[in-house]
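Coordinates from data.cif are shown below (mmCIF, C-alpha atoms).
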```
data_run
#
loop_
_atom_site.label_atom_id
_atom_site.label_comp_id
_atom_site.auth_asym_id
_atom_site.auth_seq_id
_atom_site.Cartn_x
_atom_site.Cartn_y
_atom_site.Cartn_z
CA MET L 1 18.08 -224.83 23.12
CA GLN L 2 15.69 -221.93 23.24
CA HIS L 3 15.67 -219.69 20.18
CA VAL L 4 14.78 -216.07 20.94
CA THR L 5 14.30 -213.18 18.53
CA VAL L 6 14.72 -209.75 20.12
CA PHE L 7 13.49 -206.69 18.24
CA GLY L 8 15.33 -203.63 19.53
CA GLY L 9 18.15 -205.75 20.89
CA THR L 10 20.80 -203.09 20.25
CA GLY L 11 19.06 -200.52 22.46
CA PHE L 12 19.77 -199.74 26.11
CA ILE L 13 17.63 -202.50 27.63
CA GLY L 14 18.19 -204.77 24.65
CA GLN L 15 21.96 -205.03 24.97
CA HIS L 16 21.71 -206.08 28.61
CA LEU L 17 18.89 -208.54 27.90
CA VAL L 18 20.54 -210.14 24.87
CA GLU L 19 23.76 -210.87 26.74
CA HIS L 20 21.80 -212.24 29.71
CA LEU L 21 19.82 -214.61 27.47
CA ALA L 22 22.94 -215.77 25.64
CA ARG L 23 24.76 -216.45 28.90
CA ALA L 24 21.73 -218.47 30.03
CA GLY L 25 22.14 -220.71 26.99
CA ALA L 26 19.61 -219.28 24.55
CA SER L 27 20.34 -218.76 20.87
CA VAL L 28 19.52 -215.08 20.32
CA ARG L 29 18.68 -213.38 17.05
CA VAL L 30 18.91 -209.59 17.33
CA ALA L 31 16.63 -207.91 14.80
CA THR L 32 17.51 -204.31 13.99
CA ARG L 33 17.18 -201.92 11.05
CA HIS L 34 20.89 -201.46 10.44
CA PRO L 35 22.85 -204.36 11.96
CA LEU L 36 26.07 -203.57 10.13
CA THR L 37 26.25 -199.97 11.31
CA THR L 38 24.43 -199.84 14.64
CA ALA L 39 25.09 -203.24 16.16
CA GLU L 40 28.28 -204.00 18.05
CA PRO L 41 30.14 -207.14 16.93
CA PRO L 42 28.61 -210.07 18.80
CA ARG L 43 30.64 -210.96 21.87
CA MET L 44 29.16 -214.43 22.07
CA ALA L 45 28.70 -217.13 19.45
CA ARG L 46 25.06 -217.51 20.47
CA ILE L 47 24.18 -213.98 19.32
CA GLN L 48 23.26 -213.33 15.68
CA HIS L 49 22.39 -209.92 14.20
CA VAL L 50 19.92 -209.69 11.32
CA ALA L 51 18.42 -206.80 9.35
CA ALA L 52 14.72 -206.31 10.08
CA ASP L 53 12.81 -203.09 9.54
CA LEU L 54 9.76 -203.12 11.81
CA LEU L 55 7.80 -201.47 8.98
CA ASN L 56 8.41 -204.38 6.58
CA ASP L 57 6.20 -207.48 6.78
CA ALA L 58 8.61 -209.83 5.03
CA ALA L 59 11.61 -208.68 7.09
CA VAL L 60 9.74 -209.12 10.38
CA GLN L 61 8.52 -212.59 9.40
CA ALA L 62 12.04 -213.63 8.42
CA ALA L 63 13.37 -212.44 11.78
CA VAL L 64 10.65 -214.35 13.65
CA GLN L 65 10.95 -217.57 11.63
CA GLY L 66 12.19 -220.45 13.77
CA ALA L 67 11.98 -218.59 17.09
CA ASP L 68 10.38 -220.14 20.17
CA THR L 69 10.18 -216.77 21.91
CA VAL L 70 9.91 -213.22 20.57
CA ILE L 71 10.60 -210.06 22.58
CA ASN L 72 9.74 -206.62 21.21
CA LEU L 73 11.61 -203.77 22.90
CA VAL L 74 11.33 -201.20 20.12
CA GLY L 75 10.29 -197.69 21.15
CA ILE L 76 11.10 -194.16 20.06
CA LEU L 77 10.99 -190.78 21.83
CA SER L 78 10.73 -188.63 18.71
CA GLN L 79 9.44 -189.04 15.17
CA ALA L 80 11.45 -188.82 11.97
CA GLN L 81 10.16 -189.42 8.45
CA ARG L 82 8.56 -192.92 8.32
CA GLN L 83 9.56 -193.67 11.91
CA THR L 84 6.40 -192.26 13.47
CA PHE L 85 4.91 -193.19 16.82
CA THR L 86 1.97 -194.91 15.13
CA ALA L 87 4.19 -196.78 12.66
CA ILE L 88 6.56 -198.08 15.35
CA HIS L 89 4.55 -198.39 18.54
CA GLU L 90 1.25 -199.55 17.04
CA ASP L 91 1.69 -200.89 13.50
CA GLY L 92 5.13 -202.35 14.22
CA ALA L 93 3.92 -204.01 17.41
CA ARG L 94 0.97 -205.48 15.53
CA ARG L 95 3.29 -206.74 12.78
CA VAL L 96 5.54 -208.53 15.26
CA ALA L 97 2.60 -210.06 17.15
CA THR L 98 0.84 -211.17 13.96
CA SER L 99 4.01 -212.80 12.62
CA ALA L 100 4.61 -214.50 15.96
CA ARG L 101 1.11 -215.95 15.95
CA ARG L 102 1.28 -217.01 12.29
CA LEU L 103 4.64 -218.72 12.70
CA GLY L 104 3.75 -220.62 15.86
CA VAL L 105 5.89 -218.74 18.36
CA ARG L 106 5.39 -220.14 21.86
CA GLN L 107 5.86 -216.94 23.85
CA LEU L 108 5.68 -213.21 23.06
CA VAL L 109 6.85 -210.45 25.40
CA HIS L 110 5.99 -206.88 24.44
CA VAL L 111 7.68 -204.03 26.32
CA SER L 112 5.57 -200.87 26.52
CA ALA L 113 5.89 -198.13 29.17
CA LEU L 114 4.25 -196.85 32.33
CA GLY L 115 1.99 -193.98 31.36
CA ALA L 116 0.70 -195.67 28.22
CA SER L 117 -2.95 -194.70 27.86
CA ARG L 118 -5.41 -193.95 25.08
CA THR L 119 -6.13 -190.61 26.79
CA ALA L 120 -2.56 -189.60 27.66
CA PRO L 121 -1.42 -186.07 26.71
CA ALA L 122 1.57 -187.39 24.72
CA LEU L 123 1.15 -189.08 21.37
CA ALA L 124 4.01 -191.43 22.31
CA ASP L 125 2.02 -192.73 25.29
CA ARG L 126 -1.22 -192.97 23.28
CA SER L 127 0.51 -194.91 20.52
CA LYS L 128 2.03 -197.32 23.04
CA ALA L 129 -1.43 -197.97 24.46
CA ALA L 130 -2.68 -198.63 20.94
CA GLY L 131 0.27 -200.97 20.45
CA GLU L 132 -0.65 -202.93 23.57
CA ALA L 133 -4.20 -203.36 22.24
CA ALA L 134 -2.89 -204.45 18.84
CA VAL L 135 -0.62 -207.04 20.44
CA ARG L 136 -3.43 -208.40 22.59
CA ALA L 137 -5.73 -208.69 19.55
CA ALA L 138 -3.14 -210.59 17.50
CA PHE L 139 -1.54 -212.66 20.28
CA PRO L 140 -3.83 -212.80 23.36
CA GLU L 141 -1.33 -214.79 25.45
CA ALA L 142 1.39 -212.15 25.06
CA THR L 143 2.99 -210.79 28.21
CA ILE L 144 3.14 -206.99 28.34
CA ILE L 145 5.71 -205.19 30.48
CA ARG L 146 5.42 -201.50 31.37
CA PRO L 147 8.64 -200.19 32.92
CA SER L 148 9.14 -196.79 34.51
CA LEU L 149 12.32 -194.80 33.79
CA VAL L 150 15.07 -197.42 33.32
CA TYR L 151 18.57 -196.56 34.52
CA GLY L 152 22.03 -198.10 34.39
CA PRO L 153 25.65 -197.23 33.54
CA ASP L 154 24.87 -196.48 29.89
CA ASP L 155 21.50 -194.78 30.40
CA HIS L 156 20.47 -191.52 28.76
CA PHE L 157 18.65 -189.93 31.68
CA PHE L 158 21.18 -189.74 34.51
CA ASN L 159 24.21 -189.50 32.23
CA GLY L 160 22.48 -186.88 30.12
CA PHE L 161 21.53 -184.66 33.03
CA ALA L 162 24.96 -185.09 34.61
CA THR L 163 26.52 -183.82 31.40
CA ARG L 164 24.15 -180.84 31.26
CA ALA L 165 24.59 -180.06 34.96
CA ARG L 166 28.34 -179.95 34.49
CA ARG L 167 28.22 -177.78 31.36
CA LEU L 168 25.24 -175.45 31.79
CA PRO L 169 24.62 -172.66 34.32
CA ALA L 170 20.91 -173.55 34.58
CA LEU L 171 18.57 -176.49 34.01
CA PRO L 172 14.82 -176.21 33.35
CA LEU L 173 12.34 -178.00 35.60
CA ILE L 174 9.53 -178.62 33.14
CA GLY L 175 6.14 -178.36 34.81
CA GLY L 176 7.91 -177.29 37.98
CA GLY L 177 9.63 -180.67 38.19
CA GLN L 178 6.60 -182.34 39.76
CA THR L 179 6.27 -185.35 37.41
CA ARG L 180 6.69 -188.54 39.43
CA PHE L 181 8.95 -191.42 38.39
CA GLN L 182 9.73 -194.81 39.88
CA PRO L 183 13.17 -195.49 38.35
CA VAL L 184 14.08 -199.14 37.87
CA TYR L 185 17.56 -200.61 37.39
CA VAL L 186 18.15 -202.14 33.95
CA GLU L 187 19.51 -205.38 35.41
CA ASP L 188 16.35 -205.70 37.52
CA VAL L 189 14.28 -205.27 34.35
CA VAL L 190 16.35 -207.98 32.66
CA ALA L 191 15.93 -210.29 35.64
CA GLY L 192 12.19 -209.63 35.52
CA VAL L 193 11.97 -210.49 31.84
CA ALA L 194 13.96 -213.69 32.42
CA ALA L 195 11.66 -214.68 35.28
CA ILE L 196 8.60 -214.06 33.11
CA LEU L 197 10.05 -216.20 30.32
CA ALA L 198 10.46 -219.06 32.79
CA ASP L 199 6.95 -218.75 34.26
CA PRO L 200 4.03 -220.14 32.21
CA THR L 201 1.53 -218.31 34.45
CA SER L 202 2.86 -214.98 33.14
CA ARG L 203 1.19 -215.54 29.77
CA GLY L 204 -1.48 -212.95 29.07
CA GLN L 205 -0.46 -210.81 32.04
CA THR L 206 0.54 -207.14 32.13
CA TYR L 207 3.41 -206.33 34.49
CA GLU L 208 4.42 -202.90 35.78
CA PHE L 209 8.11 -202.57 36.60
CA GLY L 210 9.14 -199.84 39.01
CA GLY L 211 11.92 -199.38 41.53
CA LEU L 212 11.86 -199.10 45.31
CA ARG L 213 10.92 -195.41 45.57
CA VAL L 214 8.92 -192.73 43.81
CA TYR L 215 10.74 -189.45 43.07
CA THR L 216 9.68 -186.21 41.49
CA PHE L 217 11.59 -185.01 38.44
CA LYS L 218 13.01 -182.22 40.59
CA GLU L 219 14.25 -184.68 43.21
CA LEU L 220 16.03 -186.72 40.55
CA ILE L 221 17.77 -183.67 39.10
CA GLU L 222 18.78 -182.54 42.60
CA PHE L 223 20.13 -186.03 43.24
CA VAL L 224 22.25 -185.88 40.07
CA CYS L 225 23.62 -182.46 40.96
CA ALA L 226 24.46 -183.46 44.51
CA THR L 227 26.10 -186.69 43.34
CA ILE L 228 28.49 -184.95 40.93
CA ASP L 229 28.88 -181.82 43.09
CA ALA L 230 27.39 -179.48 40.46
CA ARG L 231 25.33 -176.39 41.25
CA PRO L 232 23.38 -175.23 38.21
CA LEU L 233 20.37 -173.02 38.82
CA LEU L 234 17.16 -175.09 38.65
CA VAL L 235 14.54 -172.97 36.91
CA PRO L 236 10.84 -173.97 36.95
CA LEU L 237 9.42 -173.86 33.42
CA PRO L 238 5.62 -174.04 32.95
CA PHE L 239 4.35 -176.72 30.61
CA TRP L 240 3.02 -174.17 28.13
CA ALA L 241 6.41 -172.47 27.86
CA ALA L 242 8.20 -175.81 27.52
CA GLU L 243 5.81 -176.85 24.73
CA VAL L 244 6.57 -173.63 22.85
CA LEU L 245 10.29 -174.30 23.28
CA GLY L 246 9.90 -177.92 22.20
CA GLY L 247 7.95 -176.86 19.14
CA VAL L 248 10.82 -174.61 18.09
CA LEU L 249 13.59 -177.12 18.80
CA GLN L 250 11.92 -180.16 17.24
CA VAL L 251 12.51 -178.89 13.69
CA PHE L 252 16.27 -179.41 14.13
CA PRO L 253 18.06 -182.75 13.63
CA ASN L 254 18.69 -184.58 16.91
CA ALA L 255 16.48 -182.08 18.72
CA PRO L 256 17.22 -181.90 22.47
CA LEU L 257 13.50 -181.42 23.17
CA THR L 258 10.23 -181.89 21.31
CA ARG L 259 6.67 -180.84 22.10
CA ASP L 260 5.62 -184.46 22.63
CA GLN L 261 8.48 -185.08 25.05
CA VAL L 262 7.16 -182.19 27.13
CA ARG L 263 3.72 -183.77 27.09
CA LEU L 264 5.21 -187.08 28.28
CA LEU L 265 6.04 -185.25 31.51
CA LYS L 266 2.37 -184.53 32.11
CA THR L 267 1.85 -188.19 33.07
CA ASP L 268 3.42 -189.80 36.14
CA LYS L 269 5.49 -192.94 35.45
CA VAL L 270 4.68 -194.95 38.58
CA VAL L 271 3.14 -198.37 39.12
CA SER L 272 -0.63 -198.35 39.52
CA GLY L 273 -0.91 -201.07 42.15
CA SER L 274 -3.48 -202.90 40.05
CA GLU L 275 -1.06 -205.06 38.01
CA PRO L 276 1.70 -207.53 38.99
CA THR L 277 5.12 -205.98 39.55
CA LEU L 278 8.80 -206.92 39.71
CA ALA L 279 8.22 -208.37 43.15
CA ASP L 280 5.53 -210.65 41.72
CA ALA L 281 8.12 -211.86 39.20
CA GLY L 282 10.40 -212.71 42.13
CA VAL L 283 12.83 -209.81 41.66
CA GLU L 284 13.86 -207.54 44.53
CA ALA L 285 14.46 -204.06 43.12
CA LYS L 286 17.73 -202.36 43.97
CA ALA L 287 17.91 -198.87 45.43
CA LEU L 288 18.81 -196.14 42.98
CA GLU L 289 21.20 -194.60 45.52
CA THR L 290 23.35 -197.75 45.53
CA ILE L 291 23.78 -197.88 41.74
CA VAL L 292 23.78 -194.43 40.14
CA PRO L 293 26.57 -192.71 42.14
CA GLU L 294 29.04 -195.36 41.03
CA TYR L 295 28.69 -194.57 37.32
CA LEU L 296 28.24 -190.83 37.79
CA GLU L 297 31.55 -190.65 39.64
CA MET L 298 33.37 -189.82 36.39
CA TYR L 299 31.41 -186.56 36.15
CA ARG L 300 32.60 -185.58 39.61
CA ARG L 301 36.20 -186.28 38.59
CA ARG L 302 35.81 -183.94 35.64
CA ALA L 303 35.03 -180.99 37.88
#
```
Written as structure tokens, how would this file's structure read?
Amino acid sequence: MQHVTVFGGTGFIGQHLVEHLARAGASVRVATRHPLTTAEPPRMARIQHVAADLLNDAAVQAAVQGADTVINLVGILSQAQRQTFTAIHEDGARRVATSARRLGVRQLVHVSALGASRTAPALADRSKAAGEAAVRAAFPEATIIRPSLVYGPDDHFFNGFATRARRLPALPLIGGGQTRFQPVYVEDVVAGVAAILADPTSRGQTYEFGGLRVYTFKELIEFVCATIDARPLLVPLPFWAAEVLGGVLQVFPNAPLTRDQVRLLKTDKVVSGSEPTLADAGVEAKALETIVPEYLEMYRRRA
């Protein structure tokens, strides 16, 4: 039986991936900071939750011990206290990779993001690029996956904007809404990860996961509004103004917007064409229009 440790297994992608792996017969250890308060009770006997702070060497090593495969899904969109972009995306990634190498793990999969670059405007993207480099240095055969915007029934993007479109008279289009995305269905991402785990030639590769089509941010918001029959005013907001707004809001707990999140929108999240993709992993991406309306239907019913 394959033993897999998944860091970030209680997150959006993680929950789908963990259940898929368990159904496929793997014994899955879900490593998370607060398993007793943030993790749902395991629905399968093959799933075990353990406490593992990504900032703690001993905790990470304990979570990795005995695993054949390690998958690191951990990522944050805003910083809080010790949970900084550098601490999580770079130092944490290095800690996982180093422990995996030291403890003889056969396969390491590190999930980053499209847009990760040392020269990106957003610190989150720069730190993810640094994390990729740290993983490669510690575990050269690691497989890196860079997904675009990931969607599914429990996503934050489409559900979040549907909620705002239903409640607010206007929505801002940061940067004029021209940032490009290539949204990818969460189950396609999971299928891609599973295919990579089964393919020895994926070792050392970097994959870029995107969906069938490229959309601008404005097109995605218009799609949400049309799907739920909402008509908020869409107001273009220049990047400089959005950064000022984000700087004000980020001082509040659970801030709806931060300055770095605005800067994330300065980089398109689309596949480059220079790295293998979902199709190369043998997965045919589903069309956004066939998935999203089904789970946004409840917002239409609320009208």
Matched chain/residue IDs from the PyMOL selection byres ((chain L and resi 173-181) around 8), as a VMD selection string: chain L and resid 148 to 149 171 to 172 182 to 183 214 to 219 234 to 239 242 262 265 to 270
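Compared by their closest atoms to Val189 (chain L), and using all atoms listed in the file, the residues L:Pro147, L:Gly11, L:Pro121, L:Gly246 rank with L:Pro147 nearest.
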Polymer residues at most 7 Å from Thr258 (chain L), only C-alpha atoms, same-chain spacing of 3 or more positions, as number ranges by chain: L: 246-247, 249-250, 255, 261-262
How would the residues just picked look written out with C-alpha atoms as a CSV table (one decimal), keeping the file's coordinate frame?
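Output below, filename again-v1.csv:
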```
chain,number,residue,atom,x,y,z
L,246,GLY,CA,9.9,-177.9,22.2
L,247,GLY,CA,8.0,-176.9,19.1
L,249,LEU,CA,13.6,-177.1,18.8
L,250,GLN,CA,11.9,-180.2,17.2
L,255,ALA,CA,16.5,-182.1,18.7
L,261,GLN,CA,8.5,-185.1,25.0
L,262,VAL,CA,7.2,-182.2,27.1
```
Spatial neighbours of Tyr207 (chain L), 12 Å, only C-alpha atoms, chain gap at least 3 places, as number ranges by chain: L: 109-114, 142-148, 189, 192-193, 195-196, 202-204, 210, 271-281
Just say which residues the PyMOL selection byres ((chain L and resi 54) around 12) picks in this file, as a PDB file with C-alpha atoms, in the frame of the given file.
```
ATOM      1  CA  VAL L   6      14.720-209.750  20.120  1.00  0.00           C
ATOM      2  CA  PHE L   7      13.490-206.690  18.240  1.00  0.00           C
ATOM      3  CA  GLY L   8      15.330-203.630  19.530  1.00  0.00           C
ATOM      4  CA  ALA L  31      16.630-207.910  14.800  1.00  0.00           C
ATOM      5  CA  THR L  32      17.510-204.310  13.990  1.00  0.00           C
ATOM      6  CA  ARG L  33      17.180-201.920  11.050  1.00  0.00           C
ATOM      7  CA  HIS L  34      20.890-201.460  10.440  1.00  0.00           C
ATOM      8  CA  ALA L  51      18.420-206.800   9.350  1.00  0.00           C
ATOM      9  CA  ALA L  52      14.720-206.310  10.080  1.00  0.00           C
ATOM     10  CA  ASP L  53      12.810-203.090   9.540  1.00  0.00           C
ATOM     11  CA  LEU L  55       7.800-201.470   8.980  1.00  0.00           C
ATOM     12  CA  ASN L  56       8.410-204.380   6.580  1.00  0.00           C
ATOM     13  CA  ASP L  57       6.200-207.480   6.780  1.00  0.00           C
ATOM     14  CA  ALA L  58       8.610-209.830   5.030  1.00  0.00           C
ATOM     15  CA  ALA L  59      11.610-208.680   7.090  1.00  0.00           C
ATOM     16  CA  VAL L  60       9.740-209.120  10.380  1.00  0.00           C
ATOM     17  CA  GLN L  61       8.520-212.590   9.400  1.00  0.00           C
ATOM     18  CA  ALA L  62      12.040-213.630   8.420  1.00  0.00           C
ATOM     19  CA  ALA L  63      13.370-212.440  11.780  1.00  0.00           C
ATOM     20  CA  VAL L  64      10.650-214.350  13.650  1.00  0.00           C
ATOM     21  CA  ASN L  72       9.740-206.620  21.210  1.00  0.00           C
ATOM     22  CA  LEU L  73      11.610-203.770  22.900  1.00  0.00           C
ATOM     23  CA  VAL L  74      11.330-201.200  20.120  1.00  0.00           C
ATOM     24  CA  GLY L  75      10.290-197.690  21.150  1.00  0.00           C
ATOM     25  CA  ARG L  82       8.560-192.920   8.320  1.00  0.00           C
ATOM     26  CA  GLN L  83       9.560-193.670  11.910  1.00  0.00           C
ATOM     27  CA  THR L  84       6.400-192.260  13.470  1.00  0.00           C
ATOM     28  CA  THR L  86       1.970-194.910  15.130  1.00  0.00           C
ATOM     29  CA  ALA L  87       4.190-196.780  12.660  1.00  0.00           C
ATOM     30  CA  ILE L  88       6.560-198.080  15.350  1.00  0.00           C
ATOM     31  CA  HIS L  89       4.550-198.390  18.540  1.00  0.00           C
ATOM     32  CA  GLU L  90       1.250-199.550  17.040  1.00  0.00           C
ATOM     33  CA  ASP L  91       1.690-200.890  13.500  1.00  0.00           C
ATOM     34  CA  GLY L  92       5.130-202.350  14.220  1.00  0.00           C
ATOM     35  CA  ALA L  93       3.920-204.010  17.410  1.00  0.00           C
ATOM     36  CA  ARG L  94       0.970-205.480  15.530  1.00  0.00           C
ATOM     37  CA  ARG L  95       3.290-206.740  12.780  1.00  0.00           C
ATOM     38  CA  VAL L  96       5.540-208.530  15.260  1.00  0.00           C
ATOM     39  CA  ALA L  97       2.600-210.060  17.150  1.00  0.00           C
ATOM     40  CA  SER L  99       4.010-212.800  12.620  1.00  0.00           C
TER      41      SER L  99
END
```
Evaluate the PyMOL selection byres ((chain L and resi 297) around 12) and report residues as a list in words: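 With the PyMOL selection byres ((chain L and resi 297) around 12) on this model, the match is Pro153, Phe158, Asn159, Ala162, Thr163, Val224, Cys225, Ala226, Thr227, Ile228, Asp229, Ala230, Ile291, Val292, Pro293, Glu294, Tyr295, Leu296, Met298, Tyr299, Arg300, Arg301, Arg302 and Ala303 of chain L.
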Point-to-point distance from CA of Val190 (chain L) to CA of Phe139 (chain L), Å rounded to tenths: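 A separation of 22.3 Å between them.
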Atomic distance CA of Thr98 (chain L) - CA of Val186 (chain L), expressed in Å with one decimal: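 Computing it gives 27.9 Å between the two atoms.
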Interatomic distance, CA of Asp68 (chain L) to CA of Arg23 (chain L) (Å, one decimal): 17.2 Å
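The residue that comes closest to Arg259 (chain L), out of L:Leu288, L:Pro35, L:Gln79, L:Gly115 and on the basis of only C-alpha atoms, is L:Gln79.
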So that all listed atoms of region 250-258 of chain L fit with 3 Å spare on each side, what axis-aligned box centre and edge lengths in Å, to one decimal, would you give as AutoDock Vina command-line options?
```
--center_x 14.5 --center_y -181.7 --center_z 18.4 --size_x 14.5 --size_y 11.7 --size_z 15.5
```
Counting only C-alpha atoms, the option among L:Ala26, L:Val4, L:Leu257, L:Val251 closest to Ala80 (chain L): L:Val251
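Between Ile76 (chain L) and the candidates L:Arg166, L:Arg106, L:Lys128, L:Arg118, the tightest atom-to-atom separation, counting only C-alpha atoms, involves L:Lys128.
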Neighbour list for Pro140 (chain L) as a count of residues only, cut-off 10 Å, all atoms listed in the file, skip fewer than 4 positions in-chain: 10
Neighbours of point (19.6, -200.7, 25.8) within 10 Å, using all atoms listed in the file, written as number ranges by chain: L: 8-18, 73, 150-152, 154-156, 186
Any chance you could model all heavy atoms for region 189-197 of chain L and send them as a PDB file, in the coordinates of the input?
```
ATOM      1  N   VAL L 189      15.212-205.063  35.465  1.00  0.00           N
ATOM      2  CA  VAL L 189      14.280-205.270  34.350  1.00  0.00           C
ATOM      3  C   VAL L 189      14.617-206.563  33.620  1.00  0.00           C
ATOM      4  O   VAL L 189      13.737-207.386  33.314  1.00  0.00           O
ATOM      5  CB  VAL L 189      14.311-204.076  33.379  1.00  0.00           C
ATOM      6  CG1 VAL L 189      13.487-204.377  32.125  1.00  0.00           C
ATOM      7  CG2 VAL L 189      13.793-202.821  34.064  1.00  0.00           C
ATOM      8  N   VAL L 190      15.903-206.765  33.339  1.00  0.00           N
ATOM      9  CA  VAL L 190      16.350-207.980  32.660  1.00  0.00           C
ATOM     10  C   VAL L 190      16.013-209.218  33.474  1.00  0.00           C
ATOM     11  O   VAL L 190      15.511-210.222  32.940  1.00  0.00           O
ATOM     12  CB  VAL L 190      17.870-207.902  32.386  1.00  0.00           C
ATOM     13  CG1 VAL L 190      18.421-209.258  31.968  1.00  0.00           C
ATOM     14  CG2 VAL L 190      18.157-206.868  31.296  1.00  0.00           C
ATOM     15  N   ALA L 191      16.266-209.163  34.775  1.00  0.00           N
ATOM     16  CA  ALA L 191      15.930-210.290  35.640  1.00  0.00           C
ATOM     17  C   ALA L 191      14.423-210.557  35.636  1.00  0.00           C
ATOM     18  O   ALA L 191      13.984-211.716  35.656  1.00  0.00           O
ATOM     19  CB  ALA L 191      16.414-210.030  37.064  1.00  0.00           C
ATOM     20  N   GLY L 192      13.632-209.472  35.580  1.00  0.00           N
ATOM     21  CA  GLY L 192      12.190-209.630  35.520  1.00  0.00           C
ATOM     22  C   GLY L 192      11.728-210.283  34.239  1.00  0.00           C
ATOM     23  O   GLY L 192      10.857-211.162  34.245  1.00  0.00           O
ATOM     24  N   VAL L 193      12.312-209.876  33.127  1.00  0.00           N
ATOM     25  CA  VAL L 193      11.970-210.490  31.840  1.00  0.00           C
ATOM     26  C   VAL L 193      12.332-211.970  31.857  1.00  0.00           C
ATOM     27  O   VAL L 193      11.553-212.835  31.426  1.00  0.00           O
ATOM     28  CB  VAL L 193      12.676-209.773  30.672  1.00  0.00           C
ATOM     29  CG1 VAL L 193      12.438-210.525  29.364  1.00  0.00           C
ATOM     30  CG2 VAL L 193      12.201-208.338  30.549  1.00  0.00           C
ATOM     31  N   ALA L 194      13.526-212.290  32.355  1.00  0.00           N
ATOM     32  CA  ALA L 194      13.960-213.690  32.420  1.00  0.00           C
ATOM     33  C   ALA L 194      13.019-214.521  33.278  1.00  0.00           C
ATOM     34  O   ALA L 194      12.682-215.662  32.933  1.00  0.00           O
ATOM     35  CB  ALA L 194      15.386-213.759  32.963  1.00  0.00           C
ATOM     36  N   ALA L 195      12.582-213.954  34.401  1.00  0.00           N
ATOM     37  CA  ALA L 195      11.660-214.680  35.280  1.00  0.00           C
ATOM     38  C   ALA L 195      10.320-214.915  34.585  1.00  0.00           C
ATOM     39  O   ALA L 195       9.722-215.989  34.711  1.00  0.00           O
ATOM     40  CB  ALA L 195      11.456-213.896  36.576  1.00  0.00           C
ATOM     41  N   ILE L 196       9.861-213.935  33.843  1.00  0.00           N
ATOM     42  CA  ILE L 196       8.600-214.060  33.110  1.00  0.00           C
ATOM     43  C   ILE L 196       8.712-215.142  32.038  1.00  0.00           C
ATOM     44  O   ILE L 196       7.791-215.945  31.836  1.00  0.00           O
ATOM     45  CB  ILE L 196       8.215-212.696  32.499  1.00  0.00           C
ATOM     46  CG1 ILE L 196       7.643-211.792  33.599  1.00  0.00           C
ATOM     47  CG2 ILE L 196       7.225-212.858  31.354  1.00  0.00           C
ATOM     48  CD1 ILE L 196       7.470-210.359  33.179  1.00  0.00           C
ATOM     49  N   LEU L 197       9.862-215.187  31.350  1.00  0.00           N
ATOM     50  CA  LEU L 197      10.050-216.200  30.320  1.00  0.00           C
ATOM     51  C   LEU L 197       9.997-217.611  30.897  1.00  0.00           C
ATOM     52  O   LEU L 197       9.604-218.559  30.211  1.00  0.00           O
ATOM     53  CB  LEU L 197      11.389-215.985  29.607  1.00  0.00           C
ATOM     54  CG  LEU L 197      11.524-214.719  28.762  1.00  0.00           C
ATOM     55  CD1 LEU L 197      12.922-214.630  28.164  1.00  0.00           C
ATOM     56  CD2 LEU L 197      10.470-214.680  27.662  1.00  0.00           C
TER      57      LEU L 197
END
```
